[in-house]
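J.: Have a look at this one before I ask anything.
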Amino acid sequence: MSINSVLSRLGLAACLLATAGQTMAQAAQCMGRNGILDALYRDSKPQDAAGCAMEVKDGKIRITGPTTNPAMTCPDMVAWKLFAESIQQSFWTDWASDQQTWPNTPLALCKPGQPPGTQCCTPDAASNPGYNDPTQPGGQCPYFPGDHAGSPGTMALRVGQPLSKAHATRFGGEAARNAPVGVGAAPDPDPGRKIRQSMAELVFRNKPMLDFVFKNDLYNQQGLQAIFQRATAYANPGPDADFMPYRQVGKPGALVEVDFPVDAVMIKSNWLSEKRAQELGLRDDPASPHIKMMMKSAANDNNSDIFEEGIHWLVAFHISSKDIPNWIWATFEHVGNPGRCDYTGCNDSYGYASSDAGLRPDQATNFTRPKTTCDNLLLSDYVFQLGETYPGGTRSQALGKVLSDLRVGTGPAASGNPLRPIASDPAWNSYRLKGTQTEFTSSIGQATRLGNSVTEGGFVNSSSCISCHARASLGANGSTGPLPLSVFVSEASDVGYLRSANGVPDPNWYATSRQPATPLAIQTDFVWGFLFASCIAGQVTPGCPAKAEALRAGAPGQQRSIRSIIRQ
């Protein structure tokens, strides 16, 4: 073969390779429709009906007509209403924390005629055992700080507990945890998962909620066990009973089911120590500062008994209200949280309009879509582009006026030592509603979802506040364990955490299917906080044996986290 023919053949091969390379490059471009965005079309429906409006009259928010059931027809507006009202009420100092709702070493509820101040707890009393403790006034009897303004207990620093987690993931150990993000640890595209691991959680409950727990003897394990016993006895009275199917009427202190009053509100807030926030790359931009508070949180992520004091940033929070029987669920995040609208997008019909590029004048502006990108594979397709920040959008005039009229976020900023939030702090303007939830499914039967990129970091795509909290329940031993139902289901999420339950609850979770049905679990009206209840020392029951205070109580001033309880 001549040299010319060899060179000719080599040239042909090079040409073919170049052509194949061009074809491969063309194939690696995402040319078709974005399937992720197509799938999110059903999730992007505006939550608020037309005509939703509210105004401030005499310092209070009033819903205006034609709305008659705002929590169902205007959930996003009601979410912002709850946001403003809870800030007005200084929930961070005046509402009861979990530790103050479920005392660490509870005393029994006082019997009729028993004088206050003895070794028992009296609802609405100005003084109960332990109330004069400057560091833990709610250690023995439920305590609402707002009823004791100026007392030593209202000045005590809040103590944040490690967030409940599905897995005890340590990201390569303690050295990796304290290293900058991406150093010494496996790559993780979900920044909320990393932030979640360092979170300090504070749950607050308003006065109606604490009063219900206190007056009905639900602040201790023996009281919770009694509810299950009463409900079980009534549902299985024997073959000659003729009073079914009528419900037994519960009495104060002798309930047969848990049903909070309609004005009950709870807030689950997530705080990150300033040092850790900076290590994780979060910024406290002057244009969008964080709400800050001096508090204590665990020194590491393994349910540490060592609590460090320092400035913490508020990065996320849930608000839930009993405005409707299954509660209304709303979640807020700091506008600068990385990945805030990842996976499911953000949906706000009332407060802030979307800043998404390409929106047409005839399109709704309530939805901020998650970021996506082409995977650049040979058979290319769109994938989530995770961990970036999202624009804050444009605030509606309606929300701006409500907040202004209530003087929420209008200045000045918080100051003082110890540092505590104030209602006027402009930093409240840095938070955005991610979404609301009022039903298990949509009108077409699709399971609804709601998850915070931080609070539910690692399982946002499966998260459903309403479905998860429907599993909150008691068994024959109260909540001392084993739990009748777990927070999570036994399925792994895309990033390795357990998944949250979503969709419609299964009746078989709560009772056997045989006749008559035997209760397996008694719902606690969507409240997981009952897991914090401790046993009354000296009152021996099947769920509270001798020295039972060790089942729930930790060291003085500290309670075990829900995470440790779930892992029992």
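Order determines the names: the first chain of the structure tokens is A, the second B, and so forth; residues in each chain are numbered 1 upward, and ligands are numbered 1 upward as they are shown.
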Using only C-alpha atoms, what table do you get, as CSV, when you list each residue of stretch 382-408 of chain A with an atom no more than 8 Å from stretch 62-84 of chain A, its nearest pair of atoms, and their distance in Å rounded to one decimal, rows by chain then rising number?

T.:
residue,atom,partner,partner_atom,distance
A:Leu399,CA,A:Trp80,CA,7.8
A:Leu403,CA,A:Ala84,CA,6.8
A:Leu406,CA,A:Ala84,CA,7.7
A:Val408,CA,A:Ala84,CA,6.9

J.: Mind checking which residues fall within 7 Å of A:Cys110, counting only C-alpha atoms, ignoring those fewer than 5 positions away in the same chain, and posting them as a list in words?

T.: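 In the requested format, the answer is Cys120, Cys121 and Thr122 of chain A.
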
J.: Quick one: DSSP alpha helix (DSSP H) residues in stretch 184-410 of chain A, as a ChimeraX atom specification?

T.: /A:191-197,207-215,221-235,274-279,397-405

J.: Filtering to N, CA and C atoms, could you give me those residues as a tab-separated table (two decimals), in the first residue's frame?

T.:
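Dumped everything to again_13.tsv:
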chain	number	residue	atom	x	y	z
A	191	PRO	N	-27.59	21.53	50.03
A	191	PRO	CA	-27.04	22.31	51.15
A	191	PRO	C	-27.94	22.31	52.37
A	192	GLY	N	-29.26	22.20	52.18
A	192	GLY	CA	-30.16	22.17	53.31
A	192	GLY	C	-29.89	21.00	54.23
A	193	ARG	N	-29.42	19.90	53.65
A	193	ARG	CA	-29.09	18.71	54.44
A	193	ARG	C	-27.92	19.00	55.38
A	194	LYS	N	-26.94	19.74	54.90
A	194	LYS	CA	-25.80	20.09	55.74
A	194	LYS	C	-26.21	21.07	56.83
A	195	ILE	N	-27.00	22.08	56.46
A	195	ILE	CA	-27.45	23.06	57.44
A	195	ILE	C	-28.29	22.37	58.51
A	196	ARG	N	-29.13	21.43	58.07
A	196	ARG	CA	-30.01	20.71	59.00
A	196	ARG	C	-29.22	20.00	60.08
A	197	GLN	N	-28.06	19.44	59.71
A	197	GLN	CA	-27.27	18.68	60.66
A	197	GLN	C	-26.74	19.54	61.81
A	207	LYS	N	-50.53	30.58	74.16
A	207	LYS	CA	-51.22	30.38	75.45
A	207	LYS	C	-52.37	29.38	75.36
A	208	PRO	N	-53.28	29.47	74.37
A	208	PRO	CA	-54.35	28.47	74.31
A	208	PRO	C	-53.84	27.04	74.20
A	209	MET	N	-52.71	26.87	73.52
A	209	MET	CA	-52.17	25.53	73.34
A	209	MET	C	-51.59	25.00	74.64
A	210	LEU	N	-50.82	25.84	75.33
A	210	LEU	CA	-50.26	25.39	76.60
A	210	LEU	C	-51.36	25.14	77.63
A	211	ASP	N	-52.36	26.01	77.67
A	211	ASP	CA	-53.45	25.83	78.64
A	211	ASP	C	-54.17	24.50	78.44
A	212	PHE	N	-54.37	24.12	77.18
A	212	PHE	CA	-55.05	22.85	76.90
A	212	PHE	C	-54.23	21.68	77.43
A	213	VAL	N	-52.92	21.72	77.19
A	213	VAL	CA	-52.05	20.65	77.68
A	213	VAL	C	-52.06	20.60	79.21
A	214	PHE	N	-51.96	21.77	79.82
A	214	PHE	CA	-51.86	21.84	81.28
A	214	PHE	C	-53.16	21.40	81.95
A	215	LYS	N	-54.28	22.00	81.57
A	215	LYS	CA	-55.54	21.76	82.26
A	215	LYS	C	-56.06	20.33	82.05
A	221	GLN	N	-46.45	11.65	81.21
A	221	GLN	CA	-46.75	10.37	80.57
A	221	GLN	C	-47.96	9.68	81.18
A	222	GLN	N	-48.15	9.78	82.47
A	222	GLN	CA	-49.30	9.11	83.08
A	222	GLN	C	-50.61	9.68	82.53
A	223	GLY	N	-50.66	11.00	82.33
A	223	GLY	CA	-51.85	11.60	81.75
A	223	GLY	C	-52.10	11.16	80.33
A	224	LEU	N	-51.04	10.98	79.55
A	224	LEU	CA	-51.18	10.52	78.17
A	224	LEU	C	-51.61	9.06	78.13
A	225	GLN	N	-51.06	8.24	79.01
A	225	GLN	CA	-51.45	6.83	79.05
A	225	GLN	C	-52.93	6.68	79.41
A	226	ALA	N	-53.42	7.57	80.26
A	226	ALA	CA	-54.82	7.50	80.69
A	226	ALA	C	-55.77	7.73	79.52
A	227	ILE	N	-55.40	8.61	78.58
A	227	ILE	CA	-56.25	8.84	77.41
A	227	ILE	C	-56.39	7.55	76.61
A	228	PHE	N	-55.28	6.90	76.35
A	228	PHE	CA	-55.33	5.65	75.58
A	228	PHE	C	-56.17	4.61	76.32
A	229	GLN	N	-56.02	4.51	77.62
A	229	GLN	CA	-56.78	3.53	78.40
A	229	GLN	C	-58.27	3.82	78.36
A	230	ARG	N	-58.65	5.09	78.48
A	230	ARG	CA	-60.07	5.43	78.43
A	230	ARG	C	-60.65	5.16	77.05
A	231	ALA	N	-59.90	5.54	76.00
A	231	ALA	CA	-60.40	5.32	74.64
A	231	ALA	C	-60.53	3.83	74.33
A	232	THR	N	-59.56	3.04	74.76
A	232	THR	CA	-59.59	1.60	74.50
A	232	THR	C	-60.74	0.93	75.25
A	233	ALA	N	-60.94	1.32	76.50
A	233	ALA	CA	-62.01	0.72	77.30
A	233	ALA	C	-63.38	1.03	76.71
A	234	TYR	N	-63.54	2.23	76.20
A	234	TYR	CA	-64.83	2.61	75.65
A	234	TYR	C	-65.09	1.91	74.31
A	235	ALA	N	-64.03	1.78	73.50
A	235	ALA	CA	-64.20	1.16	72.18
A	235	ALA	C	-64.37	-0.35	72.26
A	274	GLU	N	-23.95	31.59	64.74
A	274	GLU	CA	-23.33	32.50	63.78
A	274	GLU	C	-22.03	31.92	63.22
A	275	LYS	N	-21.24	31.31	64.09
A	275	LYS	CA	-19.98	30.73	63.64
A	275	LYS	C	-20.21	29.62	62.63
A	276	ARG	N	-21.15	28.73	62.93
A	276	ARG	CA	-21.42	27.62	62.02
A	276	ARG	C	-22.05	28.12	60.72
A	277	ALA	N	-22.90	29.12	60.81
A	277	ALA	CA	-23.51	29.68	59.60
A	277	ALA	C	-22.44	30.21	58.66
A	278	GLN	N	-21.44	30.88	59.20
A	278	GLN	CA	-20.38	31.41	58.36
A	278	GLN	C	-19.51	30.30	57.80
A	279	GLU	N	-19.28	29.25	58.58
A	279	GLU	CA	-18.53	28.10	58.08
A	279	GLU	C	-19.24	27.45	56.90
A	397	GLN	N	-48.33	45.11	47.61
A	397	GLN	CA	-48.73	46.29	48.37
A	397	GLN	C	-49.57	45.90	49.57
A	398	ALA	N	-50.39	44.86	49.41
A	398	ALA	CA	-51.27	44.43	50.50
A	398	ALA	C	-50.46	43.96	51.71
A	399	LEU	N	-49.46	43.12	51.47
A	399	LEU	CA	-48.64	42.64	52.58
A	399	LEU	C	-47.83	43.79	53.18
A	400	GLY	N	-47.28	44.63	52.32
A	400	GLY	CA	-46.51	45.76	52.81
A	400	GLY	C	-47.31	46.65	53.74
A	401	LYS	N	-48.56	46.90	53.41
A	401	LYS	CA	-49.40	47.77	54.25
A	401	LYS	C	-49.72	47.10	55.58
A	402	VAL	N	-50.04	45.80	55.56
A	402	VAL	CA	-50.35	45.09	56.80
A	402	VAL	C	-49.16	45.13	57.75
A	403	LEU	N	-47.97	44.82	57.24
A	403	LEU	CA	-46.78	44.82	58.10
A	403	LEU	C	-46.46	46.23	58.59
A	404	SER	N	-46.64	47.21	57.72
A	404	SER	CA	-46.38	48.59	58.12
A	404	SER	C	-47.36	49.04	59.20
A	405	ASP	N	-48.63	48.72	59.02
A	405	ASP	CA	-49.64	49.13	60.00
A	405	ASP	C	-49.42	48.47	61.36

J.: Write out as a ChimeraX atom specification each polymer residue whose atoms come within 10 Å of A:Gly475, counting only C-alpha atoms; drop sequence neighbours fewer than 3 positions from it.

T.: /A:224-225,227-229,478-485,510,519-523,543

J.: Considering only C-alpha atoms, return as a PDB file with C-alpha atoms, in the first residue's frame whatever protein or nucleic-acid residues lie within 12 Å of A:Ala39, sequence-local ones (same chain, fewer than 4 positions apart) excluded.

T.:
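File produced: selection-v1.pdb:
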ATOM      1  CA  ARG A  33     -39.365  20.089  26.752  1.00  0.00           C
ATOM      2  CA  ASN A  34     -38.263  20.268  30.360  1.00  0.00           C
ATOM      3  CA  GLY A  35     -39.986  17.288  31.988  1.00  0.00           C
ATOM      4  CA  ASP A  43     -48.057  22.054  42.025  1.00  0.00           C
ATOM      5  CA  SER A  44     -47.983  25.620  40.716  1.00  0.00           C
ATOM      6  CA  TYR A 343     -37.191  20.334  44.038  1.00  0.00           C
ATOM      7  CA  THR A 344     -40.747  21.575  44.646  1.00  0.00           C
ATOM      8  CA  GLY A 345     -40.549  25.289  43.910  1.00  0.00           C
ATOM      9  CA  ARG A 369     -39.819  27.311  39.766  1.00  0.00           C
ATOM     10  CA  PRO A 370     -36.853  25.204  40.928  1.00  0.00           C
ATOM     11  CA  GLN A 446     -52.678  14.229  43.926  1.00  0.00           C
TER      12      GLN A 446
END

J.: How many Å separate atom CA of A:Gly392 from atom CA of A:Glu439?

T.: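 We find that atom CA of A:Gly392 and atom CA of A:Glu439 lie 26.7 Å from each other.
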
J.: Between A:Tyr143, A:Tyr352, A:Tyr497, A:Trp428, which one has atoms that come closest to A:Ser462, using only C-alpha atoms?

T.: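 The shortest atom-to-atom distance to A:Ser462 comes from A:Tyr497.
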
J.: Can you build me a table of stretch 421-530 of chain A residues sitting at most 12 Å from stretch 303-324 of chain A, with the closest atom pair per residue and its distance in Å to one decimal, using only C-alpha atoms, sorted by chain and residue number, as a tab-separated table?

T.:
residue	atom	partner	partner_atom	distance
A:Pro421	CA	A:Leu314	CA	9.9
A:Ala427	CA	A:Leu314	CA	9.9
A:Trp428	CA	A:Leu314	CA	9.9
A:Ser430	CA	A:Val315	CA	9.9
A:Tyr431	CA	A:Ala316	CA	8.2
A:Arg432	CA	A:Ala316	CA	9.4
A:Leu433	CA	A:His318	CA	9.6
A:Lys434	CA	A:His318	CA	9.9
A:Gly435	CA	A:His318	CA	10.1
A:Thr436	CA	A:Ile319	CA	9.5
A:Gln437	CA	A:Ser320	CA	9.7
A:Thr438	CA	A:Ile324	CA	8.1
A:Glu439	CA	A:Ile324	CA	10.1
A:Leu450	CA	A:His318	CA	10.4
A:Gly451	CA	A:His318	CA	9.4
A:Asn452	CA	A:Ala316	CA	7.5
A:Ser453	CA	A:Ala316	CA	8.5
A:Val454	CA	A:Ala316	CA	6.7
A:Thr455	CA	A:Ala316	CA	7.1
A:Glu456	CA	A:Ala316	CA	10.4
A:Gly457	CA	A:Ala316	CA	11.2
A:Cys465	CA	A:His318	CA	9.4
A:Ile466	CA	A:Ser320	CA	9.7
A:His469	CA	A:Ser320	CA	10.7
A:Asp525	CA	A:Lys322	CA	9.4
A:Phe526	CA	A:Lys322	CA	9.7
A:Val527	CA	A:Ser320	CA	10.0

J.: Interatomic distance between atom CA of A:Pro106 and atom CA of A:Pro137?

T.: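 Rounded to one decimal, the two atoms are 11.8 Å apart.
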